[in-house]
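Below is start11.pdb, which holds PDB, C-alpha atoms and all ligand atoms.
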```pdb
ATOM      1  CA  MET A   1     109.773 110.800  85.011  1.00  0.00           C
ATOM      2  CA  PRO A   2     106.682 109.444  86.763  1.00  0.00           C
ATOM      3  CA  SER A   3     107.360 108.416  90.327  1.00  0.00           C
ATOM      4  CA  ILE A   4     107.165 104.663  90.804  1.00  0.00           C
ATOM      5  CA  VAL A   5     104.939 103.822  93.738  1.00  0.00           C
ATOM      6  CA  LEU A   6     104.998 100.034  93.475  1.00  0.00           C
ATOM      7  CA  ASP A   7     107.728  97.860  92.019  1.00  0.00           C
ATOM      8  CA  ALA A   8     107.223  94.094  92.223  1.00  0.00           C
ATOM      9  CA  GLN A   9     109.914  91.882  90.711  1.00  0.00           C
ATOM     10  CA  ALA A  10     109.639  88.137  90.052  1.00  0.00           C
ATOM     11  CA  ILE A  11     107.138  87.465  92.820  1.00  0.00           C
ATOM     12  CA  VAL A  12     106.626  83.769  93.567  1.00  0.00           C
ATOM     13  CA  ARG A  13     104.068  82.447  96.034  1.00  0.00           C
ATOM     14  CA  GLU A  14     103.800  78.789  96.868  1.00  0.00           C
ATOM     15  CA  PHE A  15     101.408  77.065  99.232  1.00  0.00           C
ATOM     16  CA  ALA A  16     102.012  73.659 100.778  1.00  0.00           C
ATOM     17  CA  GLY A  17      99.094  71.374  99.957  1.00  0.00           C
ATOM     18  CA  PRO A  18      98.279  67.716 100.527  1.00  0.00           C
ATOM     19  CA  ALA A  19      99.257  66.917  96.934  1.00  0.00           C
ATOM     20  CA  GLY A  20     102.555  68.795  97.183  1.00  0.00           C
ATOM     21  CA  THR A  21     103.539  72.398  96.639  1.00  0.00           C
ATOM     22  CA  LEU A  22     101.122  74.654  94.802  1.00  0.00           C
ATOM     23  CA  ARG A  23     102.933  77.430  92.916  1.00  0.00           C
ATOM     24  CA  VAL A  24     100.184  80.043  92.591  1.00  0.00           C
ATOM     25  CA  LEU A  25     102.391  82.950  91.453  1.00  0.00           C
ATOM     26  CA  ASP A  26     105.286  81.994  89.215  1.00  0.00           C
ATOM     27  CA  GLY A  27     107.403  85.109  88.752  1.00  0.00           C
ATOM     28  CA  VAL A  28     105.086  88.105  88.590  1.00  0.00           C
ATOM     29  CA  SER A  29     106.562  91.542  87.904  1.00  0.00           C
ATOM     30  CA  LEU A  30     104.665  94.829  87.878  1.00  0.00           C
ATOM     31  CA  GLU A  31     105.528  98.512  88.167  1.00  0.00           C
ATOM     32  CA  VAL A  32     102.894 101.127  88.899  1.00  0.00           C
ATOM     33  CA  ALA A  33     103.493 104.888  89.012  1.00  0.00           C
ATOM     34  CA  ALA A  34     101.548 107.657  90.714  1.00  0.00           C
ATOM     35  CA  GLY A  35      98.391 108.405  88.757  1.00  0.00           C
ATOM     36  CA  ASP A  36      98.592 105.104  86.900  1.00  0.00           C
ATOM     37  CA  SER A  37      95.844 102.496  86.991  1.00  0.00           C
ATOM     38  CA  VAL A  38      96.042  98.777  86.355  1.00  0.00           C
ATOM     39  CA  ALA A  39      93.380  96.080  86.032  1.00  0.00           C
ATOM     40  CA  VAL A  40      94.107  92.435  86.816  1.00  0.00           C
ATOM     41  CA  THR A  41      91.669  89.886  85.441  1.00  0.00           C
ATOM     42  CA  GLY A  42      91.893  86.112  85.257  1.00  0.00           C
ATOM     43  CA  PRO A  43      89.958  82.944  85.995  1.00  0.00           C
ATOM     44  CA  SER A  44      88.753  82.130  89.484  1.00  0.00           C
ATOM     45  CA  GLY A  45      91.545  80.527  91.493  1.00  0.00           C
ATOM     46  CA  SER A  46      94.307  81.983  89.303  1.00  0.00           C
ATOM     47  CA  GLY A  47      95.863  83.827  92.246  1.00  0.00           C
ATOM     48  CA  LYS A  48      94.498  87.358  91.872  1.00  0.00           C
ATOM     49  CA  SER A  49      93.689  87.764  95.557  1.00  0.00           C
ATOM     50  CA  THR A  50      96.976  86.128  96.513  1.00  0.00           C
ATOM     51  CA  LEU A  51      98.829  88.687  94.381  1.00  0.00           C
ATOM     52  CA  LEU A  52      96.854  91.614  95.789  1.00  0.00           C
ATOM     53  CA  HIS A  53      97.534  90.486  99.354  1.00  0.00           C
ATOM     54  CA  ILE A  54     101.274  90.395  98.672  1.00  0.00           C
ATOM     55  CA  LEU A  55     101.256  93.791  96.935  1.00  0.00           C
ATOM     56  CA  GLY A  56      99.360  95.102  99.958  1.00  0.00           C
ATOM     57  CA  THR A  57     101.979  93.622 102.336  1.00  0.00           C
ATOM     58  CA  LEU A  58      99.309  91.447 103.982  1.00  0.00           C
ATOM     59  CA  ASP A  59     101.143  88.288 102.877  1.00  0.00           C
ATOM     60  CA  ARG A  60     104.810  87.578 102.092  1.00  0.00           C
ATOM     61  CA  PRO A  61     106.091  86.190  98.812  1.00  0.00           C
ATOM     62  CA  THR A  62     108.011  82.906  98.773  1.00  0.00           C
ATOM     63  CA  GLU A  63     110.514  84.604  96.446  1.00  0.00           C
ATOM     64  CA  GLY A  64     110.848  87.956  94.750  1.00  0.00           C
ATOM     65  CA  LYS A  65     111.226  91.615  95.637  1.00  0.00           C
ATOM     66  CA  LEU A  66     108.600  94.175  96.510  1.00  0.00           C
ATOM     67  CA  ARG A  67     109.310  97.872  96.857  1.00  0.00           C
ATOM     68  CA  ILE A  68     106.666 100.421  97.765  1.00  0.00           C
ATOM     69  CA  LEU A  69     107.718 104.075  97.785  1.00  0.00           C
ATOM     70  CA  ASP A  70     111.328 102.934  97.637  1.00  0.00           C
ATOM     71  CA  GLN A  71     110.974 100.848 100.753  1.00  0.00           C
ATOM     72  CA  ASP A  72     111.112  97.069 101.078  1.00  0.00           C
ATOM     73  CA  PRO A  73     108.105  96.727 103.394  1.00  0.00           C
ATOM     74  CA  PHE A  74     109.084  93.206 104.453  1.00  0.00           C
ATOM     75  CA  GLU A  75     112.251  94.562 106.031  1.00  0.00           C
ATOM     76  CA  LEU A  76     110.089  96.417 108.549  1.00  0.00           C
ATOM     77  CA  GLY A  77     109.131  94.958 111.911  1.00  0.00           C
ATOM     78  CA  GLN A  78     105.499  94.066 112.488  1.00  0.00           C
ATOM     79  CA  ARG A  79     104.576  97.356 114.120  1.00  0.00           C
ATOM     80  CA  ASP A  80     106.331  99.526 111.538  1.00  0.00           C
ATOM     81  CA  LEU A  81     104.832  97.457 108.739  1.00  0.00           C
ATOM     82  CA  ALA A  82     101.327  98.005 110.132  1.00  0.00           C
ATOM     83  CA  ARG A  83     102.002 101.747 110.313  1.00  0.00           C
ATOM     84  CA  PHE A  84     103.462 101.792 106.794  1.00  0.00           C
ATOM     85  CA  ARG A  85     100.396  99.991 105.439  1.00  0.00           C
ATOM     86  CA  ASN A  86      98.018 102.311 107.272  1.00  0.00           C
ATOM     87  CA  ARG A  87      99.739 105.419 105.911  1.00  0.00           C
ATOM     88  CA  HIS A  88     100.467 104.413 102.357  1.00  0.00           C
ATOM     89  CA  ILE A  89      98.011 101.746 101.202  1.00  0.00           C
ATOM     90  CA  GLY A  90      94.233 101.876 100.889  1.00  0.00           C
ATOM     91  CA  PHE A  91      92.190  98.702 100.463  1.00  0.00           C
ATOM     92  CA  VAL A  92      88.744  98.128  98.982  1.00  0.00           C
ATOM     93  CA  PHE A  93      87.378  94.585  99.124  1.00  0.00           C
ATOM     94  CA  GLN A  94      84.317  92.931  97.654  1.00  0.00           C
ATOM     95  CA  GLU A  95      82.833  92.911 101.144  1.00  0.00           C
ATOM     96  CA  HIS A  96      82.690  96.394 102.619  1.00  0.00           C
ATOM     97  CA  TYR A  97      83.804  95.303 106.132  1.00  0.00           C
ATOM     98  CA  LEU A  98      82.217  98.363 107.709  1.00  0.00           C
ATOM     99  CA  LEU A  99      81.772  98.262 111.484  1.00  0.00           C
ATOM    100  CA  PRO A 100      78.030  97.745 111.991  1.00  0.00           C
ATOM    101  CA  GLN A 101      77.808  99.795 115.202  1.00  0.00           C
ATOM    102  CA  CYS A 102      79.545 102.849 113.695  1.00  0.00           C
ATOM    103  CA  THR A 103      78.058 105.519 111.431  1.00  0.00           C
ATOM    104  CA  ALA A 104      79.289 106.099 107.881  1.00  0.00           C
ATOM    105  CA  LEU A 105      81.448 109.006 109.061  1.00  0.00           C
ATOM    106  CA  GLU A 106      82.862 107.062 112.012  1.00  0.00           C
ATOM    107  CA  ASN A 107      83.738 104.155 109.731  1.00  0.00           C
ATOM    108  CA  VAL A 108      85.631 106.501 107.424  1.00  0.00           C
ATOM    109  CA  LEU A 109      87.542 107.896 110.389  1.00  0.00           C
ATOM    110  CA  VAL A 110      88.712 104.497 111.702  1.00  0.00           C
ATOM    111  CA  PRO A 111      92.019 104.473 109.725  1.00  0.00           C
ATOM    112  CA  THR A 112      92.776 108.020 110.899  1.00  0.00           C
ATOM    113  CA  ILE A 113      92.628 106.945 114.559  1.00  0.00           C
ATOM    114  CA  VAL A 114      95.437 104.461 113.944  1.00  0.00           C
ATOM    115  CA  SER A 115      97.509 106.997 112.032  1.00  0.00           C
ATOM    116  CA  GLY A 116      97.161 109.391 114.967  1.00  0.00           C
ATOM    117  CA  GLY A 117      96.317 112.258 112.647  1.00  0.00           C
ATOM    118  CA  GLN A 118      95.059 115.663 113.596  1.00  0.00           C
ATOM    119  CA  GLY A 119      91.396 114.808 114.236  1.00  0.00           C
ATOM    120  CA  GLY A 120      89.924 118.044 112.934  1.00  0.00           C
ATOM    121  CA  SER A 121      91.484 118.090 109.485  1.00  0.00           C
ATOM    122  CA  PHE A 122      90.736 114.409 108.911  1.00  0.00           C
ATOM    123  CA  ARG A 123      87.127 114.993 109.887  1.00  0.00           C
ATOM    124  CA  GLU A 124      86.904 117.765 107.295  1.00  0.00           C
ATOM    125  CA  ARG A 125      88.474 115.568 104.652  1.00  0.00           C
ATOM    126  CA  ALA A 126      86.171 112.672 105.541  1.00  0.00           C
ATOM    127  CA  THR A 127      83.035 114.781 105.313  1.00  0.00           C
ATOM    128  CA  SER A 128      84.096 116.408 102.064  1.00  0.00           C
ATOM    129  CA  LEU A 129      84.906 113.014 100.499  1.00  0.00           C
ATOM    130  CA  LEU A 130      81.564 111.613 101.685  1.00  0.00           C
ATOM    131  CA  ARG A 131      79.821 114.595 100.059  1.00  0.00           C
ATOM    132  CA  ARG A 132      81.797 113.978  96.854  1.00  0.00           C
ATOM    133  CA  VAL A 133      80.411 110.447  96.623  1.00  0.00           C
ATOM    134  CA  GLY A 134      76.870 111.676  97.258  1.00  0.00           C
ATOM    135  CA  LEU A 135      76.594 110.692 100.904  1.00  0.00           C
ATOM    136  CA  GLY A 136      76.360 114.167 102.402  1.00  0.00           C
ATOM    137  CA  GLU A 137      72.953 113.340 103.862  1.00  0.00           C
ATOM    138  CA  ARG A 138      73.941 109.847 105.005  1.00  0.00           C
ATOM    139  CA  MET A 139      76.978 110.487 107.217  1.00  0.00           C
ATOM    140  CA  ASP A 140      75.164 109.659 110.438  1.00  0.00           C
ATOM    141  CA  HIS A 141      73.572 106.472 109.089  1.00  0.00           C
ATOM    142  CA  LEU A 142      74.634 103.040 110.244  1.00  0.00           C
ATOM    143  CA  PRO A 143      75.721 100.555 107.546  1.00  0.00           C
ATOM    144  CA  ALA A 144      72.408  98.668 107.979  1.00  0.00           C
ATOM    145  CA  GLU A 145      70.621 101.904 107.027  1.00  0.00           C
ATOM    146  CA  LEU A 146      72.529 102.208 103.737  1.00  0.00           C
ATOM    147  CA  SER A 147      72.114 100.455 100.382  1.00  0.00           C
ATOM    148  CA  GLY A 148      74.815  98.117  99.057  1.00  0.00           C
ATOM    149  CA  GLY A 149      76.152 100.793  96.711  1.00  0.00           C
ATOM    150  CA  GLU A 150      76.186 103.383  99.493  1.00  0.00           C
ATOM    151  CA  ARG A 151      78.064 101.032 101.803  1.00  0.00           C
ATOM    152  CA  GLN A 152      80.682 100.423  99.123  1.00  0.00           C
ATOM    153  CA  ARG A 153      81.059 104.181  98.598  1.00  0.00           C
ATOM    154  CA  VAL A 154      81.763 104.525 102.330  1.00  0.00           C
ATOM    155  CA  ALA A 155      84.391 101.771 102.035  1.00  0.00           C
ATOM    156  CA  ILE A 156      86.022 103.646  99.130  1.00  0.00           C
ATOM    157  CA  VAL A 157      86.170 106.891 101.085  1.00  0.00           C
ATOM    158  CA  ARG A 158      87.620 105.003 104.064  1.00  0.00           C
ATOM    159  CA  ALA A 159      90.345 103.609 101.779  1.00  0.00           C
ATOM    160  CA  LEU A 160      91.290 107.122 100.650  1.00  0.00           C
ATOM    161  CA  VAL A 161      90.961 109.126 103.847  1.00  0.00           C
ATOM    162  CA  ASN A 162      94.632 108.831 104.875  1.00  0.00           C
ATOM    163  CA  ARG A 163      95.805 109.999 101.429  1.00  0.00           C
ATOM    164  CA  PRO A 164      97.464 106.685 100.498  1.00  0.00           C
ATOM    165  CA  GLU A 165      99.782 106.641  97.475  1.00  0.00           C
ATOM    166  CA  LEU A 166      98.674 103.099  96.595  1.00  0.00           C
ATOM    167  CA  VAL A 167      95.099 101.792  96.411  1.00  0.00           C
ATOM    168  CA  LEU A 168      94.343  98.085  95.969  1.00  0.00           C
ATOM    169  CA  ALA A 169      90.848  96.863  95.181  1.00  0.00           C
ATOM    170  CA  ASP A 170      89.668  93.232  95.010  1.00  0.00           C
ATOM    171  CA  GLU A 171      86.379  92.980  93.082  1.00  0.00           C
ATOM    172  CA  PRO A 172      85.201  96.363  94.418  1.00  0.00           C
ATOM    173  CA  THR A 173      81.906  96.137  92.525  1.00  0.00           C
ATOM    174  CA  GLY A 174      81.506  92.361  92.780  1.00  0.00           C
ATOM    175  CA  ASN A 175      78.516  92.424  95.134  1.00  0.00           C
ATOM    176  CA  LEU A 176      76.566  95.146  93.325  1.00  0.00           C
ATOM    177  CA  ASP A 177      73.919  95.013  90.613  1.00  0.00           C
ATOM    178  CA  PRO A 178      75.192  96.224  87.206  1.00  0.00           C
ATOM    179  CA  ASP A 179      73.793  99.775  87.349  1.00  0.00           C
ATOM    180  CA  THR A 180      75.014 100.351  90.890  1.00  0.00           C
ATOM    181  CA  ALA A 181      78.364  98.795  89.964  1.00  0.00           C
ATOM    182  CA  ASP A 182      78.736 101.358  87.150  1.00  0.00           C
ATOM    183  CA  ASP A 183      77.949 104.279  89.459  1.00  0.00           C
ATOM    184  CA  VAL A 184      80.341 103.077  92.148  1.00  0.00           C
ATOM    185  CA  ALA A 185      83.081 102.404  89.571  1.00  0.00           C
ATOM    186  CA  ASP A 186      82.660 105.953  88.185  1.00  0.00           C
ATOM    187  CA  LEU A 187      83.099 107.517  91.613  1.00  0.00           C
ATOM    188  CA  PHE A 188      85.977 105.238  92.536  1.00  0.00           C
ATOM    189  CA  ILE A 189      87.929 105.954  89.347  1.00  0.00           C
ATOM    190  CA  GLU A 190      87.245 109.692  89.569  1.00  0.00           C
ATOM    191  CA  LEU A 191      88.449 109.908  93.174  1.00  0.00           C
ATOM    192  CA  CYS A 192      91.585 107.861  92.477  1.00  0.00           C
ATOM    193  CA  ARG A 193      92.430 110.104  89.491  1.00  0.00           C
ATOM    194  CA  ASP A 194      91.935 113.276  91.513  1.00  0.00           C
ATOM    195  CA  GLU A 195      94.154 111.954  94.272  1.00  0.00           C
ATOM    196  CA  ARG A 196      96.788 110.713  91.785  1.00  0.00           C
ATOM    197  CA  VAL A 197      97.041 107.349  93.497  1.00  0.00           C
ATOM    198  CA  ALA A 198      98.601 104.287  91.938  1.00  0.00           C
ATOM    199  CA  LEU A 199      95.577 102.024  91.524  1.00  0.00           C
ATOM    200  CA  ILE A 200      95.440  98.248  91.085  1.00  0.00           C
ATOM    201  CA  VAL A 201      92.008  96.689  90.641  1.00  0.00           C
ATOM    202  CA  VAL A 202      91.251  92.980  90.493  1.00  0.00           C
ATOM    203  CA  THR A 203      87.945  92.568  88.703  1.00  0.00           C
ATOM    204  CA  HIS A 204      85.711  90.353  86.604  1.00  0.00           C
ATOM    205  CA  ASN A 205      83.924  93.467  85.438  1.00  0.00           C
ATOM    206  CA  LEU A 206      85.312  94.021  81.920  1.00  0.00           C
ATOM    207  CA  ASP A 207      83.874  97.547  81.713  1.00  0.00           C
ATOM    208  CA  LEU A 208      85.772  98.500  84.849  1.00  0.00           C
ATOM    209  CA  ALA A 209      88.937  96.753  83.611  1.00  0.00           C
ATOM    210  CA  ALA A 210      88.757  98.603  80.289  1.00  0.00           C
ATOM    211  CA  ARG A 211      88.748 101.928  82.084  1.00  0.00           C
ATOM    212  CA  MET A 212      92.163 101.353  83.666  1.00  0.00           C
ATOM    213  CA  ASN A 213      95.274 102.617  81.847  1.00  0.00           C
ATOM    214  CA  ARG A 214      96.633  99.082  81.530  1.00  0.00           C
ATOM    215  CA  CYS A 215      95.068  95.653  81.736  1.00  0.00           C
ATOM    216  CA  PHE A 216      96.773  92.393  82.733  1.00  0.00           C
ATOM    217  CA  ARG A 217      95.599  88.803  82.842  1.00  0.00           C
ATOM    218  CA  LEU A 218      96.826  86.367  85.463  1.00  0.00           C
ATOM    219  CA  GLN A 219      96.897  82.767  84.300  1.00  0.00           C
ATOM    220  CA  GLY A 220      99.135  79.815  85.083  1.00  0.00           C
ATOM    221  CA  GLY A 221     100.971  81.920  87.650  1.00  0.00           C
ATOM    222  CA  LYS A 222     102.067  84.466  85.028  1.00  0.00           C
ATOM    223  CA  LEU A 223     100.890  88.039  84.562  1.00  0.00           C
ATOM    224  CA  ASN A 224     100.551  89.087  80.923  1.00  0.00           C
ATOM    225  CA  GLU A 225      99.536  92.482  79.592  1.00  0.00           C
ATOM    226  CA  CYS A 226      96.339  92.233  77.533  1.00  0.00           C
ATOM    227  CA  PRO A 227      96.622  93.467  73.950  1.00  0.00           C
ATOM    228  CA  PRO A 228      95.017  96.895  73.476  1.00  0.00           C
ATOM    229  CA  GLN A 229      91.312  96.618  72.608  1.00  0.00           C
ATOM    230  CA  PRO A 230      90.632  97.406  68.943  1.00  0.00           C
ATOM    231  CA  THR A 231      88.769 100.693  68.683  1.00  0.00           C
ATOM    232  CA  ALA A 232      85.479 100.283  66.855  1.00  0.00           C
TER
HETATM  233  N1  LIG B   1      96.480  80.400 102.427  1.00  0.00           N
HETATM  234  C1  LIG B   1      96.384  79.508 101.426  1.00  0.00           C
HETATM  235  N2  LIG B   1      96.797  78.225 101.595  1.00  0.00           N
HETATM  236  C2  LIG B   1      96.724  77.342 100.593  1.00  0.00           C
HETATM  237  N3  LIG B   1      96.265  77.637  99.342  1.00  0.00           N
HETATM  238  C3  LIG B   1      95.854  78.890  99.115  1.00  0.00           C
HETATM  239  C4  LIG B   1      95.884  79.886 100.129  1.00  0.00           C
HETATM  240  N4  LIG B   1      95.411  81.049  99.597  1.00  0.00           N
HETATM  241  C5  LIG B   1      95.090  80.764  98.313  1.00  0.00           C
HETATM  242  N5  LIG B   1      95.351  79.478  98.029  1.00  0.00           N
HETATM  243  C6  LIG B   1      95.157  78.824  96.725  1.00  0.00           C
HETATM  244  O1  LIG B   1      95.739  79.632  95.730  1.00  0.00           O
HETATM  245  C7  LIG B   1      94.960  79.631  94.561  1.00  0.00           C
HETATM  246  C8  LIG B   1      94.611  81.053  94.159  1.00  0.00           C
HETATM  247  O2  LIG B   1      93.682  81.597  95.079  1.00  0.00           O
HETATM  248  P1  LIG B   1      93.187  83.103  94.980  1.00  0.00           P
HETATM  249  O3  LIG B   1      94.357  84.000  95.014  1.00  0.00           O
HETATM  250  O4  LIG B   1      92.153  83.301  96.028  1.00  0.00           O
HETATM  251  O5  LIG B   1      92.524  83.135  93.506  1.00  0.00           O
HETATM  252  P2  LIG B   1      91.565  84.219  92.828  1.00  0.00           P
HETATM  253  O6  LIG B   1      91.499  85.411  93.713  1.00  0.00           O
HETATM  254  O7  LIG B   1      92.180  84.493  91.492  1.00  0.00           O
HETATM  255  O8  LIG B   1      90.236  83.546  92.671  1.00  0.00           O
HETATM  256  C9  LIG B   1      93.755  78.758  94.838  1.00  0.00           C
HETATM  257  O9  LIG B   1      94.003  77.468  94.329  1.00  0.00           O
HETATM  258  C10 LIG B   1      93.697  78.730  96.346  1.00  0.00           C
HETATM  259  O10 LIG B   1      93.113  77.551  96.817  1.00  0.00           O
HETATM  260 MG    MG B   2      89.913  86.363  94.638  1.00  0.00          MG
END
```
Before we go any further, please render this structure as structure tokens.
Ligand SMILES: Nc1ncnc2c1ncn2[C@@H]1O[C@H](COP(=O)(O)OP(=O)(O)O)[C@@H](O)[C@H]1O
Ligand SMILES: [Mg+2]
Amino acid sequence: MPSIVLDAQAIVREFAGPAGTLRVLDGVSLEVAAGDSVAVTGPSGSGKSTLLHILGTLDRPTEGKLRILDQDPFELGQRDLARFRNRHIGFVFQEHYLLPQCTALENVLVPTIVSGGQGGSFRERATSLLRRVGLGERMDHLPAELSGGERQRVAIVRALVNRPELVLADEPTGNLDPDTADDVADLFIELCRDERVALIVVTHNLDLAARMNRCFRLQGGKLNECPPQPTA
């Protein structure tokens, strides 16, 4: 039996707006196991980022149940929740959010400071992951001295450095030109497979979506599995 990393049941998220309540998520359920990968597509404004924030425990659902690694994260106090998130969830956003004054290697090590890990072994892991994504010669560069694709590769390594069981990505290749996007997607998928993470990727990039094990579309607050693509 594959181990379930994320189990979301009937998630509802409403926002209060001037014209009344906006029900952005209307009963979304999703289970993701270790080593599994899921794409979420859907029109702009359909609630993809809202869903990813809830699955990442950055926002609370109005209704519904979320379990991550058999824990209801919203039962935790603020401090324990922050620690839980730091240990178990890696995030990759469209913007890299690297610290401009820190080198590539230092940026990758930021999450390990919070987790209070044994500095030496994390440093080894960070450098070996940076080499894996082709940045062995760029570890001491500042973000401004890297290309867009290189910066996003640093952000991916940073997301994985603490060995999270769950990785959430919101348009991870959205700011990159198509060729660079392909290269970054290749490395991202390869690393997530090797690490056997449960991966959820929100993307407009249909090539990237097609490379996930399962593909869902979010529309009208509902999440529906896309029919399998006919093989040519
Ligand atoms: N904090 C918020 N307060 C009010 N409305 C919000 C908030 N966050 C998102 N929304 C609304 O929810 C809808 C979905 O937004 P979002 O999740 O960002 O969509 P997507 O990522 O699919 O483009 C939008 O109509 C947006 O305006
Ligand atoms: Mg979005």
Assuming 3 Å of padding per side, give the centre and edge lengths of the axis-aligned box around every listed atom of ligand LIG 1 (chain B), in Å to one decimal and as AutoDock Vina command-line options.
```
--center_x 93.5 --center_y 81.4 --center_z 97.0 --size_x 12.6 --size_y 14.1 --size_z 16.9
```
Requested in this report: Give me the result of the PyMOL selection byres (((not hetatm)) within 6 of (chain B and resi 1)) on this file, residue by residue, as a ChimeraX atom specification.
Outcome: /A:15,24,44-50
On this structure, the PyMOL selection byres (((chain A and resi 66) around 6) and not hetatm) would catch which residues? List them as a PDB file with C-alpha atoms, in the coordinates of the input, sorted by chain and number.
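Just written: out14.pdb:
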```pdb
ATOM      1  CA  ASP A   7     107.728  97.860  92.019  1.00  0.00           C
ATOM      2  CA  ALA A   8     107.223  94.094  92.223  1.00  0.00           C
ATOM      3  CA  LYS A  65     111.226  91.615  95.637  1.00  0.00           C
ATOM      4  CA  ARG A  67     109.310  97.872  96.857  1.00  0.00           C
ATOM      5  CA  ASP A  72     111.112  97.069 101.078  1.00  0.00           C
TER       6      ASP A  72
END
```
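Summary of the local environment: counting all atoms listed in the file, residues at most 9 Å from range 185-188 of chain A, other than itself and those fewer than 4 positions away along its chain, are Arg132, Val133, Arg153, Ile156, Val157, Pro172, Thr173, Thr180, Ala181, Cys192, Arg193 and Leu208 of chain A.
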If you take only C-alpha atoms and all ligand atoms and a cut-off of 12 Å, which residues of chain A touch ligand MG 2 (chain B), and what are their nearest atom pairs and distances in Å to one decimal, in chain and number order, as CSV?
```
residue,atom,partner,partner_atom,distance
A:Val40,CA,B:MG2,MG,10.8
A:Thr41,CA,B:MG2,MG,10.0
A:Gly42,CA,B:MG2,MG,9.6
A:Pro43,CA,B:MG2,MG,9.3
A:Ser44,CA,B:MG2,MG,6.8
A:Gly45,CA,B:MG2,MG,6.8
A:Ser46,CA,B:MG2,MG,8.2
A:Gly47,CA,B:MG2,MG,6.9
A:Lys48,CA,B:MG2,MG,5.4
A:Ser49,CA,B:MG2,MG,4.1
A:Thr50,CA,B:MG2,MG,7.3
A:Leu51,CA,B:MG2,MG,9.2
A:Leu52,CA,B:MG2,MG,8.8
A:His53,CA,B:MG2,MG,9.9
A:Phe93,CA,B:MG2,MG,9.7
A:Gln94,CA,B:MG2,MG,9.1
A:Glu95,CA,B:MG2,MG,11.6
A:Ala169,CA,B:MG2,MG,10.6
A:Asp170,CA,B:MG2,MG,6.9
A:Glu171,CA,B:MG2,MG,7.7
A:Pro172,CA,B:MG2,MG,11.1
A:Gly174,CA,B:MG2,MG,10.5
A:Val201,CA,B:MG2,MG,11.3
A:Val202,CA,B:MG2,MG,7.9
A:Thr203,CA,B:MG2,MG,8.8
A:His204,CA,B:MG2,MG,9.9
A:Leu218,CA,B:MG2,MG,11.5
```
Report task. I need the residue set behind the PyMOL selection byres (((chain A and resi 85) around 9) and not hetatm) for this file; please write it as a PyMOL selection string. Result -> chain A and resi 56-58+73+80-84+86-90+164
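For the residues A:Cys226, A:Leu130, A:Ile11, A:Leu69, ranking by smallest atom-to-atom distance to Leu30 in chain A using only C-alpha atoms places A:Ile11 first.
For the pair CA of Pro143 in chain A and CA of Pro100 in chain A, the interatomic distance is 5.7 Å.
Considering only C-alpha atoms, the residue among A:Asn213, A:Gln71, A:Ser147, A:Ser121 positioned nearest to Val32 in chain A is A:Asn213.
Proximity to Ala10 in chain A at 8 Å, evaluated using all atoms listed in the file and with sequence-adjacent residues fewer than 2 positions away removed, yields Ala8, Val12, Asp26, Gly27, Val28, Ser29, Glu63, Gly64 and Lys65 of chain A.
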Print the selection's residues with C-alpha atoms to a file, as a CSV table (one decimal), in the frame of the given file.
```csv
chain,number,residue,atom,x,y,z
A,8,ALA,CA,107.2,94.1,92.2
A,12,VAL,CA,106.6,83.8,93.6
A,26,ASP,CA,105.3,82.0,89.2
A,27,GLY,CA,107.4,85.1,88.8
A,28,VAL,CA,105.1,88.1,88.6
A,29,SER,CA,106.6,91.5,87.9
A,63,GLU,CA,110.5,84.6,96.4
A,64,GLY,CA,110.8,88.0,94.8
A,65,LYS,CA,111.2,91.6,95.6
```
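CA of Arg79 in chain A sits 26.4 Å away from CA of Leu105 in chain A.
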Query - Residue list as a list in words for point (109.2, 84.1, 100.6), cut-off 7 Å, only C-alpha atoms - result: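 Nearby residues: Arg60, Pro61, Thr62 and Glu63 of chain A.
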Requested in this report: Write out as a list of chain:residue names each polymer residue whose atoms come within 7 Å of Val197 in chain A, counting all atoms listed in the file; drop sequence neighbours fewer than 4 positions from it.
Outcome: A:Ala34, A:Gly35, A:Glu165, A:Leu166, A:Val167, A:Cys192, A:Arg193
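For the atom pair formed by CA of Arg214 in chain A and CA of Arg131 in chain A, the distance is 29.4 Å, given to one decimal.
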9 Å contact set for Cys215 in chain A, only C-alpha atoms, chain neighbours under 6 positions out, as a PDB file with C-alpha atoms, keeping the file's coordinate frame:
```
ATOM      1  CA  SER A  37      95.844 102.496  86.991  1.00  0.00           C
ATOM      2  CA  VAL A  38      96.042  98.777  86.355  1.00  0.00           C
ATOM      3  CA  ALA A  39      93.380  96.080  86.032  1.00  0.00           C
ATOM      4  CA  VAL A  40      94.107  92.435  86.816  1.00  0.00           C
ATOM      5  CA  THR A  41      91.669  89.886  85.441  1.00  0.00           C
ATOM      6  CA  ALA A 209      88.937  96.753  83.611  1.00  0.00           C
ATOM      7  CA  ASN A 224     100.551  89.087  80.923  1.00  0.00           C
ATOM      8  CA  GLU A 225      99.536  92.482  79.592  1.00  0.00           C
ATOM      9  CA  CYS A 226      96.339  92.233  77.533  1.00  0.00           C
ATOM     10  CA  PRO A 227      96.622  93.467  73.950  1.00  0.00           C
ATOM     11  CA  PRO A 228      95.017  96.895  73.476  1.00  0.00           C
TER      12      PRO A 228
END
```
Requested in this report: List the neighbours of Arg151 in chain A out to 10 Å using only C-alpha atoms; skip same-chain residues closer than 4 positions along the sequence, and give me the result as a ChimeraX atom specification.
Outcome: /A:95-98,104,135,142-147,155-156
Residue selection dump (C-alpha atoms) as a compact mmCIF listing (two decimals), keeping the file's coordinate frame:
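Everything below was put into result_29.txt:
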```
# COMPACT_ATOMS: atom_id res chain seq x y z
CA GLU A 95 82.83 92.91 101.14
CA HIS A 96 82.69 96.39 102.62
CA TYR A 97 83.80 95.30 106.13
CA LEU A 98 82.22 98.36 107.71
CA ALA A 104 79.29 106.10 107.88
CA LEU A 135 76.59 110.69 100.90
CA LEU A 142 74.63 103.04 110.24
CA PRO A 143 75.72 100.56 107.55
CA ALA A 144 72.41 98.67 107.98
CA GLU A 145 70.62 101.90 107.03
CA LEU A 146 72.53 102.21 103.74
CA SER A 147 72.11 100.46 100.38
CA ALA A 155 84.39 101.77 102.04
CA ILE A 156 86.02 103.65 99.13
```
